[in-house]
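S.K.: Contents of structure-v7.cif (mmCIF, C-alpha atoms):
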data_final
#
loop_
_atom_site.group_PDB
_atom_site.id
_atom_site.type_symbol
_atom_site.label_atom_id
_atom_site.label_comp_id
_atom_site.auth_asym_id
_atom_site.auth_seq_id
_atom_site.Cartn_x
_atom_site.Cartn_y
_atom_site.Cartn_z
ATOM 1 C CA MET A 1 6.027 103.031 105.479
ATOM 2 C CA ASN A 2 5.130 103.783 109.072
ATOM 3 C CA PRO A 3 5.501 107.587 109.434
ATOM 4 C CA ASN A 4 6.356 107.262 113.133
ATOM 5 C CA ARG A 5 8.844 104.379 112.907
ATOM 6 C CA ILE A 6 12.472 105.034 113.773
ATOM 7 C CA THR A 7 15.287 102.616 112.992
ATOM 8 C CA VAL A 8 18.446 103.144 115.036
ATOM 9 C CA ILE A 9 21.668 101.596 113.730
ATOM 10 C CA GLY A 10 24.636 101.593 116.073
ATOM 11 C CA SER A 11 26.533 100.344 119.078
ATOM 12 C CA SER A 12 25.667 98.609 122.320
ATOM 13 C CA ASN A 13 28.071 98.721 125.281
ATOM 14 C CA THR A 14 28.164 98.044 128.974
ATOM 15 C CA ASP A 15 29.297 101.171 130.830
ATOM 16 C CA MET A 16 31.471 100.847 133.939
ATOM 17 C CA VAL A 17 31.338 104.187 135.744
ATOM 18 C CA ILE A 18 33.329 105.572 138.673
ATOM 19 C CA LYS A 19 32.448 108.877 140.363
ATOM 20 C CA THR A 20 35.457 110.986 141.389
ATOM 21 C CA THR A 21 36.122 114.472 142.698
ATOM 22 C CA LYS A 22 38.278 115.196 139.641
ATOM 23 C CA LEU A 23 39.394 113.502 136.452
ATOM 24 C CA PRO A 24 42.869 111.905 136.734
ATOM 25 C CA ALA A 25 45.840 113.484 134.970
ATOM 26 C CA PRO A 26 48.081 111.255 132.794
ATOM 27 C CA GLY A 27 49.923 108.805 135.045
ATOM 28 C CA GLU A 28 47.881 109.774 138.106
ATOM 29 C CA THR A 29 46.013 107.305 140.299
ATOM 30 C CA ILE A 30 43.142 108.702 142.337
ATOM 31 C CA LEU A 31 40.625 107.146 144.705
ATOM 32 C CA GLY A 32 37.105 107.265 143.358
ATOM 33 C CA GLY A 33 33.725 106.986 144.984
ATOM 34 C CA ASP A 34 30.598 105.196 143.819
ATOM 35 C CA PHE A 35 30.793 102.534 141.091
ATOM 36 C CA PHE A 36 27.974 101.826 138.652
ATOM 37 C CA MET A 37 27.598 99.334 135.817
ATOM 38 C CA ASN A 38 24.980 100.405 133.298
ATOM 39 C CA ALA A 39 23.827 99.618 129.786
ATOM 40 C CA GLY A 40 25.304 102.074 127.262
ATOM 41 C CA GLY A 41 26.637 102.538 123.736
ATOM 42 C CA LYS A 42 25.577 105.461 121.570
ATOM 43 C CA GLY A 43 23.223 103.455 119.408
ATOM 44 C CA ALA A 44 21.566 101.716 122.339
ATOM 45 C CA ASN A 45 21.345 104.958 124.335
ATOM 46 C CA GLN A 46 19.617 106.698 121.452
ATOM 47 C CA ALA A 47 17.225 103.807 120.889
ATOM 48 C CA VAL A 48 16.233 103.763 124.569
ATOM 49 C CA ALA A 49 15.844 107.552 124.675
ATOM 50 C CA ALA A 50 13.650 107.486 121.571
ATOM 51 C CA VAL A 51 11.352 104.719 122.787
ATOM 52 C CA ARG A 52 10.934 106.324 126.239
ATOM 53 C CA LEU A 53 9.926 109.566 124.558
ATOM 54 C CA GLY A 54 7.239 107.871 122.490
ATOM 55 C CA GLY A 55 9.067 106.557 119.436
ATOM 56 C CA ASN A 56 8.282 103.333 117.608
ATOM 57 C CA VAL A 57 11.841 102.006 117.545
ATOM 58 C CA SER A 58 13.804 99.187 115.919
ATOM 59 C CA PHE A 59 17.480 98.662 116.727
ATOM 60 C CA ILE A 60 20.138 97.176 114.441
ATOM 61 C CA ALA A 61 23.302 96.256 116.366
ATOM 62 C CA LYS A 62 25.771 93.487 117.173
ATOM 63 C CA THR A 63 26.474 92.102 120.654
ATOM 64 C CA GLY A 64 28.770 89.379 121.903
ATOM 65 C CA ASP A 65 27.626 85.928 122.966
ATOM 66 C CA ASP A 66 28.372 86.781 126.607
ATOM 67 C CA ILE A 67 26.682 88.003 129.781
ATOM 68 C CA PHE A 68 26.916 91.645 128.713
ATOM 69 C CA GLY A 69 25.243 90.909 125.390
ATOM 70 C CA LYS A 70 22.522 88.848 127.033
ATOM 71 C CA GLN A 71 21.777 91.580 129.567
ATOM 72 C CA ALA A 72 21.625 94.196 126.815
ATOM 73 C CA ARG A 73 19.191 92.182 124.718
ATOM 74 C CA GLU A 74 16.933 91.618 127.727
ATOM 75 C CA LEU A 75 16.950 95.346 128.510
ATOM 76 C CA PHE A 76 15.994 96.272 124.943
ATOM 77 C CA LYS A 77 13.039 93.905 125.061
ATOM 78 C CA ALA A 78 11.992 95.322 128.438
ATOM 79 C CA GLU A 79 12.049 98.820 126.887
ATOM 80 C CA GLU A 80 9.839 97.497 124.044
ATOM 81 C CA ILE A 81 12.443 98.132 121.365
ATOM 82 C CA LYS A 82 12.083 95.859 118.334
ATOM 83 C CA THR A 83 15.084 93.512 118.523
ATOM 84 C CA ASP A 84 14.592 91.319 115.445
ATOM 85 C CA PHE A 85 17.803 92.675 113.922
ATOM 86 C CA LEU A 86 20.196 92.305 116.835
ATOM 87 C CA VAL A 87 23.052 90.076 115.654
ATOM 88 C CA ILE A 88 24.919 87.821 118.099
ATOM 89 C CA ASP A 89 28.668 87.726 117.430
ATOM 90 C CA GLU A 90 30.103 84.442 118.671
ATOM 91 C CA GLY A 91 33.671 85.442 117.875
ATOM 92 C CA HIS A 92 34.006 88.769 119.715
ATOM 93 C CA PRO A 93 32.983 90.136 123.128
ATOM 94 C CA SER A 94 30.348 92.780 123.653
ATOM 95 C CA GLY A 95 31.503 96.391 123.769
ATOM 96 C CA VAL A 96 32.594 97.903 127.075
ATOM 97 C CA ALA A 97 33.112 101.554 128.084
ATOM 98 C CA LEU A 98 35.150 102.740 131.073
ATOM 99 C CA ILE A 99 33.827 106.094 132.297
ATOM 100 C CA THR A 100 35.067 108.504 134.953
ATOM 101 C CA VAL A 101 32.700 111.281 136.093
ATOM 102 C CA ASP A 102 33.904 114.212 138.205
ATOM 103 C CA SER A 103 32.068 116.357 140.748
ATOM 104 C CA LEU A 104 31.009 118.845 138.039
ATOM 105 C CA GLY A 105 29.414 116.130 135.916
ATOM 106 C CA GLU A 106 32.165 116.160 133.292
ATOM 107 C CA ASN A 107 33.433 112.803 132.071
ATOM 108 C CA CYS A 108 36.172 110.979 130.205
ATOM 109 C CA ILE A 109 35.385 107.759 128.364
ATOM 110 C CA VAL A 110 37.433 104.926 126.871
ATOM 111 C CA VAL A 111 35.596 102.351 124.758
ATOM 112 C CA ALA A 112 36.618 98.792 123.857
ATOM 113 C CA PRO A 113 34.205 98.332 120.917
ATOM 114 C CA GLY A 114 34.290 94.534 120.684
ATOM 115 C CA SER A 115 31.436 93.212 118.546
ATOM 116 C CA ASN A 116 30.408 96.748 117.554
ATOM 117 C CA SER A 117 33.489 96.862 115.295
ATOM 118 C CA HIS A 118 32.139 93.862 113.394
ATOM 119 C CA LEU A 119 28.675 95.132 112.494
ATOM 120 C CA SER A 120 28.979 94.684 108.725
ATOM 121 C CA PRO A 121 27.038 95.696 105.608
ATOM 122 C CA THR A 122 25.911 92.063 105.426
ATOM 123 C CA ASP A 123 24.262 92.490 108.823
ATOM 124 C CA ILE A 124 22.426 95.531 107.468
ATOM 125 C CA ASP A 125 21.164 93.492 104.501
ATOM 126 C CA SER A 126 18.943 91.418 106.782
ATOM 127 C CA ALA A 127 17.168 94.598 107.923
ATOM 128 C CA LEU A 128 16.665 96.410 104.617
ATOM 129 C CA GLU A 129 12.899 95.920 104.687
ATOM 130 C CA GLU A 130 12.790 97.417 108.190
ATOM 131 C CA ILE A 131 14.642 100.487 106.911
ATOM 132 C CA ILE A 132 12.159 100.769 104.043
ATOM 133 C CA GLN A 133 9.274 100.644 106.528
ATOM 134 C CA SER A 134 10.778 103.434 108.661
ATOM 135 C CA GLU A 135 10.631 107.181 108.222
ATOM 136 C CA ILE A 136 13.700 108.101 110.292
ATOM 137 C CA ILE A 137 17.093 106.350 110.261
ATOM 138 C CA LEU A 138 19.324 107.391 113.170
ATOM 139 C CA ILE A 139 22.974 106.367 113.074
ATOM 140 C CA GLN A 140 26.292 107.154 114.818
ATOM 141 C CA LEU A 141 30.001 106.346 114.370
ATOM 142 C CA GLU A 142 30.727 103.654 116.979
ATOM 143 C CA ILE A 143 30.364 101.071 114.208
ATOM 144 C CA PRO A 144 32.560 100.687 111.074
ATOM 145 C CA ILE A 145 32.383 103.665 108.717
ATOM 146 C CA GLU A 146 31.842 101.354 105.727
ATOM 147 C CA THR A 147 28.712 100.021 107.444
ATOM 148 C CA VAL A 148 27.550 103.563 108.167
ATOM 149 C CA ALA A 149 28.076 104.535 104.520
ATOM 150 C CA TYR A 150 26.293 101.400 103.293
ATOM 151 C CA ALA A 151 23.247 102.010 105.492
ATOM 152 C CA VAL A 152 23.110 105.737 104.716
ATOM 153 C CA ASN A 153 23.354 105.098 100.972
ATOM 154 C CA PHE A 154 20.508 102.562 101.041
ATOM 155 C CA ALA A 155 18.293 104.743 103.241
ATOM 156 C CA PHE A 156 18.938 107.798 101.054
ATOM 157 C CA LYS A 157 17.981 105.899 97.890
ATOM 158 C CA ALA A 158 14.846 104.680 99.695
ATOM 159 C CA GLY A 159 13.866 108.288 100.420
ATOM 160 C CA LYS A 160 14.351 108.130 104.193
ATOM 161 C CA LYS A 161 15.315 110.961 106.514
ATOM 162 C CA VAL A 162 18.789 110.024 107.730
ATOM 163 C CA ILE A 163 20.056 111.637 110.934
ATOM 164 C CA LEU A 164 23.785 111.211 111.569
ATOM 165 C CA ASN A 165 25.212 111.848 115.008
ATOM 166 C CA PRO A 166 28.915 112.010 114.017
ATOM 167 C CA ALA A 167 30.280 110.685 117.300
ATOM 168 C CA PRO A 168 32.969 109.783 118.094
ATOM 169 C CA ALA A 169 34.442 112.644 116.064
ATOM 170 C CA ALA A 170 35.584 111.659 112.571
ATOM 171 C CA ILE A 171 36.097 113.224 109.164
ATOM 172 C CA ILE A 172 33.008 112.777 106.968
ATOM 173 C CA THR A 173 33.187 112.769 103.170
ATOM 174 C CA ASP A 174 31.133 115.178 101.085
ATOM 175 C CA ASN A 175 29.483 112.194 99.407
ATOM 176 C CA LEU A 176 28.160 110.962 102.757
ATOM 177 C CA LEU A 177 27.148 114.456 103.904
ATOM 178 C CA SER A 178 25.101 114.993 100.757
ATOM 179 C CA LYS A 179 22.882 112.025 101.634
ATOM 180 C CA LEU A 180 21.954 113.223 105.121
ATOM 181 C CA TYR A 181 18.747 114.924 106.123
ATOM 182 C CA MET A 182 20.268 116.058 109.415
ATOM 183 C CA ILE A 183 23.631 116.049 111.181
ATOM 184 C CA THR A 184 24.022 116.680 114.922
ATOM 185 C CA PRO A 185 27.677 117.267 115.884
ATOM 186 C CA ASN A 186 28.893 118.870 119.091
ATOM 187 C CA GLU A 187 31.521 121.643 118.918
ATOM 188 C CA THR A 188 34.486 119.253 118.629
ATOM 189 C CA GLU A 189 32.830 117.121 115.972
ATOM 190 C CA ALA A 190 31.657 120.161 113.989
ATOM 191 C CA GLU A 191 35.208 121.548 113.989
ATOM 192 C CA LEU A 192 36.713 118.286 112.722
ATOM 193 C CA ILE A 193 34.183 117.875 109.914
ATOM 194 C CA SER A 194 34.059 121.519 108.807
ATOM 195 C CA GLY A 195 37.663 122.510 109.520
ATOM 196 C CA ILE A 196 36.387 125.607 111.344
ATOM 197 C CA PRO A 197 37.270 125.951 115.062
ATOM 198 C CA VAL A 198 34.033 126.295 117.043
ATOM 199 C CA VAL A 199 34.654 128.622 119.995
ATOM 200 C CA ASP A 200 31.493 130.741 120.117
ATOM 201 C CA THR A 201 28.117 131.186 118.444
ATOM 202 C CA GLY A 202 29.585 133.041 115.474
ATOM 203 C CA SER A 203 32.081 130.299 114.655
ATOM 204 C CA ALA A 204 29.393 127.664 115.202
ATOM 205 C CA ILE A 205 27.302 129.393 112.539
ATOM 206 C CA LEU A 206 30.243 129.341 110.126
ATOM 207 C CA ALA A 207 30.784 125.618 110.746
ATOM 208 C CA ALA A 208 27.077 124.900 110.299
ATOM 209 C CA LYS A 209 27.019 126.923 107.065
ATOM 210 C CA ASN A 210 29.945 124.851 105.790
ATOM 211 C CA LEU A 211 28.086 121.570 106.418
ATOM 212 C CA TYR A 212 24.869 122.945 104.919
ATOM 213 C CA GLU A 213 26.656 124.039 101.756
ATOM 214 C CA ARG A 214 28.137 120.544 101.456
ATOM 215 C CA GLY A 215 24.666 119.050 101.180
ATOM 216 C CA VAL A 216 23.180 118.461 104.646
ATOM 217 C CA LYS A 217 19.635 119.842 104.739
ATOM 218 C CA VAL A 218 19.519 120.490 108.496
ATOM 219 C CA VAL A 219 22.537 121.145 110.715
ATOM 220 C CA ILE A 220 22.244 121.140 114.500
ATOM 221 C CA ILE A 221 25.384 121.850 116.523
ATOM 222 C CA THR A 222 24.885 120.947 120.170
ATOM 223 C CA LEU A 223 26.504 123.430 122.556
ATOM 224 C CA GLY A 224 26.153 121.746 125.943
ATOM 225 C CA SER A 225 24.506 123.906 128.597
ATOM 226 C CA LYS A 226 24.081 126.757 126.073
ATOM 227 C CA GLY A 227 21.629 124.718 124.002
ATOM 228 C CA ALA A 228 21.863 124.002 120.279
ATOM 229 C CA LEU A 229 22.382 125.941 117.066
ATOM 230 C CA LEU A 230 19.877 125.150 114.317
ATOM 231 C CA TYR A 231 20.935 125.982 110.756
ATOM 232 C CA THR A 232 18.812 125.350 107.693
ATOM 233 C CA GLY A 233 17.902 127.274 104.580
ATOM 234 C CA GLY A 234 20.707 129.734 105.239
ATOM 235 C CA VAL A 235 19.165 130.768 108.565
ATOM 236 C CA ALA A 236 20.720 130.159 111.993
ATOM 237 C CA LYS A 237 18.914 130.162 115.332
ATOM 238 C CA LEU A 238 20.284 129.443 118.789
ATOM 239 C CA ILE A 239 17.832 127.404 120.886
ATOM 240 C CA PRO A 240 18.702 127.704 124.602
ATOM 241 C CA SER A 241 18.732 124.747 126.960
ATOM 242 C CA PRO A 242 16.837 124.776 130.274
ATOM 243 C CA LYS A 243 19.095 125.632 133.216
ATOM 244 C CA VAL A 244 19.744 122.647 135.484
ATOM 245 C CA ASP A 245 22.323 121.441 137.994
ATOM 246 C CA ALA A 246 24.265 118.799 136.079
ATOM 247 C CA ILE A 247 25.659 115.780 137.898
ATOM 248 C CA ASP A 248 26.563 113.556 134.905
ATOM 249 C CA THR A 249 26.714 114.569 131.238
ATOM 250 C CA THR A 250 27.165 110.984 130.016
ATOM 251 C CA ALA A 251 24.715 110.273 127.158
ATOM 252 C CA ALA A 252 23.234 113.787 127.110
ATOM 253 C CA GLY A 253 24.012 113.945 123.401
ATOM 254 C CA ASP A 254 22.453 110.539 122.876
ATOM 255 C CA VAL A 255 19.254 111.603 124.623
ATOM 256 C CA PHE A 256 19.216 114.732 122.451
ATOM 257 C CA ASN A 257 19.475 112.608 119.310
ATOM 258 C CA GLY A 258 16.822 110.132 120.375
ATOM 259 C CA ALA A 259 14.526 113.041 121.176
ATOM 260 C CA ILE A 260 15.136 114.872 117.912
ATOM 261 C CA ALA A 261 14.338 111.683 115.987
ATOM 262 C CA VAL A 262 11.032 111.317 117.843
ATOM 263 C CA ALA A 263 10.109 114.961 117.323
ATOM 264 C CA ILE A 264 10.843 114.815 113.582
ATOM 265 C CA SER A 265 8.891 111.560 113.258
ATOM 266 C CA GLU A 266 5.902 113.252 114.902
ATOM 267 C CA GLY A 267 5.985 116.242 112.557
ATOM 268 C CA PHE A 268 7.321 118.901 114.944
ATOM 269 C CA ASP A 269 8.678 121.989 113.183
ATOM 270 C CA LEU A 270 12.450 122.182 113.499
ATOM 271 C CA GLU A 271 12.649 124.817 116.237
ATOM 272 C CA ASP A 272 10.157 122.973 118.415
ATOM 273 C CA ALA A 273 11.989 119.708 117.728
ATOM 274 C CA VAL A 274 15.255 121.214 118.970
ATOM 275 C CA ARG A 275 13.538 122.643 122.059
ATOM 276 C CA PHE A 276 12.064 119.220 122.786
ATOM 277 C CA ALA A 277 15.498 117.612 122.445
ATOM 278 C CA CYS A 278 17.210 120.256 124.593
ATOM 279 C CA GLU A 279 14.669 119.710 127.354
ATOM 280 C CA ALA A 280 15.136 115.928 127.269
ATOM 281 C CA ALA A 281 18.930 116.290 127.363
ATOM 282 C CA ALA A 282 18.725 118.773 130.239
ATOM 283 C CA ILE A 283 16.754 116.290 132.308
ATOM 284 C CA SER A 284 19.271 113.537 131.532
ATOM 285 C CA VAL A 285 22.267 115.433 132.949
ATOM 286 C CA THR A 286 20.566 115.635 136.344
ATOM 287 C CA ARG A 287 20.835 111.832 136.627
ATOM 288 C CA MET A 288 23.662 109.308 136.722
ATOM 289 C CA GLY A 289 24.278 106.845 133.943
ATOM 290 C CA ALA A 290 23.589 106.538 130.233
ATOM 291 C CA GLN A 291 20.331 104.741 129.426
ATOM 292 C CA SER A 292 19.262 105.081 133.051
ATOM 293 C CA SER A 293 19.289 108.884 132.664
ATOM 294 C CA ALA A 294 16.936 109.009 129.663
ATOM 295 C CA PRO A 295 13.625 110.655 130.595
ATOM 296 C CA TYR A 296 10.132 109.461 129.765
ATOM 297 C CA ARG A 297 7.705 111.505 127.683
ATOM 298 C CA HIS A 298 5.527 112.486 130.633
ATOM 299 C CA GLU A 299 8.516 114.172 132.286
ATOM 300 C CA LEU A 300 8.812 116.776 129.546
ATOM 301 C CA ALA A 301 6.760 119.945 129.629
#
Please rewrite the model in this file as structure tokens.
M.R.:
Amino acid sequence: MNPNRITVIGSSNTDMVIKTTKLPAPGETILGGDFFMNAGGKGANQAVAAVRLGGNVSFIAKTGDDIFGKQARELFKAEEIKTDFLVIDEGHPSGVALITVDSLGENCIVVAPGSNSHLSPTDIDSALEEIIQSEIILIQLEIPIETVAYAVNFAFKAGKKVILNPAPAAIITDNLLSKLYMITPNETEAELISGIPVVDTGSAILAAKNLYERGVKVVIITLGSKGALLYTGGVAKLIPSPKVDAIDTTAAGDVFNGAIAVAISEGFDLEDAVRFACEAAAISVTRMGAQSSAPYRHELA
């Protein structure tokens, strides 16, 4: 096992982004401003963030046999991500996300998952040795839940530290939770999984306690500009985020997750790991785009 190796399992998308003064209401057409087309997808974003911050990263994903898939694979190689386990799906297009970003940096996102929906347990089988050779397995929910469960179960039995970013929000079984080293929901995701509305720090602690008691060793609830709540061993601590002027929050959570994986792989204690991740995420929201917003290690204090 390589103690610094991180395997990311997840999605790869192409993001099509329009800047607007405000997000459209249902049925409303508005004129936007700048248009960007960037590489995205939660899995890919987290892999890029991790490698830029110093991680030794492999990526397991599925892309279409199209221009978007080809561009994504070339970008991963340029970032020096190990791409031996990228599967080309000849029957489905690559994933695409349509993103609107308003003047405050808030966004709304619609994803057409394409080939991401067809990443199967069989695809994971070809990368089992890579998982065994890794210390950290980082995974999200933009791929089929049966594939997530299959990968988590194998990694758990192999003694790996599994970090689940439960996004997009979904209900997670107790069986799956019990096999996680760490879970990193935002407020909405924490509420759905725990059943406890997260409206302030106190309710965030209750939600984190619920997930901890269901078997997750480390719970981190990300709280946007307020930072992140760390809960482990029955103790909660709020780690503040650096204050910045946000222009685009797209992929801030993905940068946080890539950063936390790197910090854990390097042996940071948990509080320092969360601070490291909060700083990386804070830098990302000052930039447009998903992968393009991920900072490099030298940019962090």
S.K.: Which value, in Å to one decimal, gives the distance between CA of Glu90 in chain A and CA of Gly114 in chain A?
M.R.: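 Separation of CA of Glu90 in chain A and CA of Gly114 in chain A: 11.1 Å.
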S.K.: Calculate, to one decimal in Å, the centre and edge lengths of the box along x, y and z of the file that holds all listed atoms of range 54-71 of chain A with 6 Å of margin on each side, and present them as JSON.
M.R.:
{"center_x": 18.0, "center_y": 96.9, "center_z": 122.1, "size_x": 33.5, "size_y": 33.9, "size_z": 27.3}
S.K.: Suppose a student applies the PyMOL selection byres ((chain A and resi 220) around 7) to this structure; what residues should they get, written as a list in words?
M.R.: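 This file, filtered by the PyMOL selection byres ((chain A and resi 220) around 7), leaves Ile183, Thr184, Pro185, Val218, Val219, Ile221, Thr222, Ala228, Leu229, Leu230 and Tyr231 of chain A.
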S.K.: I need the residue set behind the PyMOL selection byres ((chain A and resi 210) around 10) for this file; please write it as a ChimeraX atom specification.
M.R.: /A:190,193-196,204-209,211-216,219
S.K.: Considering only C-alpha atoms, return as a list in words whatever protein or nucleic-acid residues lie within 10 Å of Asp245 in chain A, sequence-local ones (same chain, fewer than 6 positions apart) excluded.
M.R.: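 Once the adjacent positions are removed, what remains is Leu104, Gly105, Ser225, Ala282, Ile283, Val285, Thr286 and Arg287 of chain A.
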S.K.: Give me, as a Markdown table, each residue of range 208-267 of chain A that comes within 6 Å of range 39-51 of chain A, together with its shortest interatomic pair and the distance in Å at one decimal, counting only C-alpha atoms, with rows ordered by chain and rising residue number.
M.R.:
| residue | atom | partner | partner_atom | distance |
| --- | --- | --- | --- | --- |
| A:Asp254 | CA | A:Gln46 | CA | 5.0 |
| A:Val255 | CA | A:Ala49 | CA | 5.3 |
| A:Gly258 | CA | A:Ala50 | CA | 4.3 |
| A:Ala259 | CA | A:Ala50 | CA | 5.6 |
| A:Val262 | CA | A:Ala50 | CA | 6.0 |
S.K.: When you draw a straight line from CA of His298 in chain A to CA of Asn38 in chain A, how long is it in Å?
M.R.: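 Result for CA of His298 in chain A versus CA of Asn38 in chain A: 23.1 Å, one decimal.
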S.K.: If the PyMOL selection byres ((chain A and resi 118) around 10) is run on the structure shown, which residues does it catch, given as number ranges by chain?
M.R.: A: 61-63, 89, 91-92, 113-117, 119-121, 123, 143-144, 147
S.K.: Go through A:Cys108, A:Ala169, A:Val57, A:Ile264 one by one, measure the shortest atom-to-atom distance of each to Leu23 in chain A using all atoms listed in the file, and give the residue with the smallest value.
M.R.: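 Of all the options, A:Cys108 lies closest to Leu23 in chain A.
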S.K.: Could you produce a table of the residues of range 91-165 of chain A lying within 10 Å of range 4-11 of chain A, with the nearest pair of atoms per residue and their separation in Å rounded to one decimal, using only C-alpha atoms, ordered by chain and increasing residue number, as JSON lines?
M.R.:
{"residue": "A:Ser94", "atom": "CA", "partner": "A:Ser11", "partner_atom": "CA", "distance": 9.6}
{"residue": "A:Gly95", "atom": "CA", "partner": "A:Ser11", "partner_atom": "CA", "distance": 7.9}
{"residue": "A:Pro113", "atom": "CA", "partner": "A:Ser11", "partner_atom": "CA", "distance": 8.1}
{"residue": "A:Gly114", "atom": "CA", "partner": "A:Ser11", "partner_atom": "CA", "distance": 9.8}
{"residue": "A:Ser115", "atom": "CA", "partner": "A:Ser11", "partner_atom": "CA", "distance": 8.7}
{"residue": "A:Asn116", "atom": "CA", "partner": "A:Ser11", "partner_atom": "CA", "distance": 5.5}
{"residue": "A:Ser117", "atom": "CA", "partner": "A:Ser11", "partner_atom": "CA", "distance": 8.6}
{"residue": "A:Leu119", "atom": "CA", "partner": "A:Gly10", "partner_atom": "CA", "distance": 8.4}
{"residue": "A:Ile124", "atom": "CA", "partner": "A:Ile9", "partner_atom": "CA", "distance": 8.8}
{"residue": "A:Ala127", "atom": "CA", "partner": "A:Thr7", "partner_atom": "CA", "distance": 9.7}
{"residue": "A:Glu130", "atom": "CA", "partner": "A:Thr7", "partner_atom": "CA", "distance": 7.5}
{"residue": "A:Ile131", "atom": "CA", "partner": "A:Thr7", "partner_atom": "CA", "distance": 6.5}
{"residue": "A:Ile132", "atom": "CA", "partner": "A:Thr7", "partner_atom": "CA", "distance": 9.7}
{"residue": "A:Gln133", "atom": "CA", "partner": "A:Arg5", "partner_atom": "CA", "distance": 7.4}
{"residue": "A:Ser134", "atom": "CA", "partner": "A:Arg5", "partner_atom": "CA", "distance": 4.8}
{"residue": "A:Glu135", "atom": "CA", "partner": "A:Arg5", "partner_atom": "CA", "distance": 5.7}
{"residue": "A:Ile136", "atom": "CA", "partner": "A:Ile6", "partner_atom": "CA", "distance": 4.8}
{"residue": "A:Ile137", "atom": "CA", "partner": "A:Thr7", "partner_atom": "CA", "distance": 5.0}
{"residue": "A:Leu138", "atom": "CA", "partner": "A:Val8", "partner_atom": "CA", "distance": 4.7}
{"residue": "A:Ile139", "atom": "CA", "partner": "A:Ile9", "partner_atom": "CA", "distance": 5.0}
{"residue": "A:Gln140", "atom": "CA", "partner": "A:Gly10", "partner_atom": "CA", "distance": 5.9}
{"residue": "A:Leu141", "atom": "CA", "partner": "A:Gly10", "partner_atom": "CA", "distance": 7.4}
{"residue": "A:Glu142", "atom": "CA", "partner": "A:Ser11", "partner_atom": "CA", "distance": 5.7}
{"residue": "A:Ile143", "atom": "CA", "partner": "A:Gly10", "partner_atom": "CA", "distance": 6.0}
{"residue": "A:Pro144", "atom": "CA", "partner": "A:Gly10", "partner_atom": "CA", "distance": 9.4}
{"residue": "A:Thr147", "atom": "CA", "partner": "A:Ile9", "partner_atom": "CA", "distance": 9.6}
{"residue": "A:Val148", "atom": "CA", "partner": "A:Ile9", "partner_atom": "CA", "distance": 8.3}
{"residue": "A:Ala151", "atom": "CA", "partner": "A:Ile9", "partner_atom": "CA", "distance": 8.4}
{"residue": "A:Lys161", "atom": "CA", "partner": "A:Ile6", "partner_atom": "CA", "distance": 9.8}
{"residue": "A:Val162", "atom": "CA", "partner": "A:Thr7", "partner_atom": "CA", "distance": 9.7}
{"residue": "A:Ile163", "atom": "CA", "partner": "A:Val8", "partner_atom": "CA", "distance": 9.6}
S.K.: Could you please determine the separation between CA of Met288 in chain A and CA of Asn13 in chain A in Å, to one decimal place?
M.R.: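 Computing the Euclidean distance for CA of Met288 in chain A and CA of Asn13 in chain A yields 16.2 Å.
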S.K.: What lies within 7 Å of Ala97 in chain A using only C-alpha atoms, ignoring chain neighbours under 2 positions off, as a VMD selection string?
M.R.: chain A and resid 13 to 16 95 99 109 to 112
S.K.: Of the residues A:Lys243, A:Met182, A:Leu223, A:Gln291, which is the one nearest to Leu270 in chain A, using only C-alpha atoms?
M.R.: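 Among A:Lys243, A:Met182, A:Leu223, A:Gln291, it is A:Met182 that comes nearest to Leu270 in chain A.
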S.K.: Can you work out which one of A:Leu53, A:Ile81, A:Val96, A:Ile60 has the shortest atom-to-atom distance to Phe256 in chain A, counting all atoms listed in the file?
M.R.: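 With all atoms listed in the file as the atom set, the closest residue is A:Leu53.
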S.K.: Using C-alpha atoms, give me range 140-160 of chain A from the structure I just pasted, as a PDB file, in the first residue's frame.
M.R.:
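The resulting file, selection-v2.pdb, is shown below:
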ATOM      1  CA  GLN A 140     -19.552  10.654  -4.374  1.00  0.00           C
ATOM      2  CA  LEU A 141     -23.123   9.967  -5.551  1.00  0.00           C
ATOM      3  CA  GLU A 142     -23.153  11.031  -9.218  1.00  0.00           C
ATOM      4  CA  ILE A 143     -22.700   7.366 -10.138  1.00  0.00           C
ATOM      5  CA  PRO A 144     -25.132   4.469  -9.446  1.00  0.00           C
ATOM      6  CA  ILE A 145     -25.657   3.773  -5.745  1.00  0.00           C
ATOM      7  CA  GLU A 146     -25.093   0.038  -6.295  1.00  0.00           C
ATOM      8  CA  THR A 147     -21.634   0.860  -7.667  1.00  0.00           C
ATOM      9  CA  VAL A 148     -20.950   3.127  -4.699  1.00  0.00           C
ATOM     10  CA  ALA A 149     -22.000   0.371  -2.286  1.00  0.00           C
ATOM     11  CA  TYR A 150     -19.904  -2.220  -4.131  1.00  0.00           C
ATOM     12  CA  ALA A 151     -16.770  -0.063  -4.044  1.00  0.00           C
ATOM     13  CA  VAL A 152     -17.280   0.990  -0.420  1.00  0.00           C
ATOM     14  CA  ASN A 153     -17.819  -2.612   0.686  1.00  0.00           C
ATOM     15  CA  PHE A 154     -14.632  -3.802  -1.034  1.00  0.00           C
ATOM     16  CA  ALA A 155     -12.552  -0.890   0.268  1.00  0.00           C
ATOM     17  CA  PHE A 156     -13.878  -1.380   3.809  1.00  0.00           C
ATOM     18  CA  LYS A 157     -12.986  -5.086   3.772  1.00  0.00           C
ATOM     19  CA  ALA A 158      -9.529  -4.134   2.460  1.00  0.00           C
ATOM     20  CA  GLY A 159      -9.034  -1.829   5.452  1.00  0.00           C
ATOM     21  CA  LYS A 160      -9.087   1.442   3.505  1.00  0.00           C
TER      22      LYS A 160
END
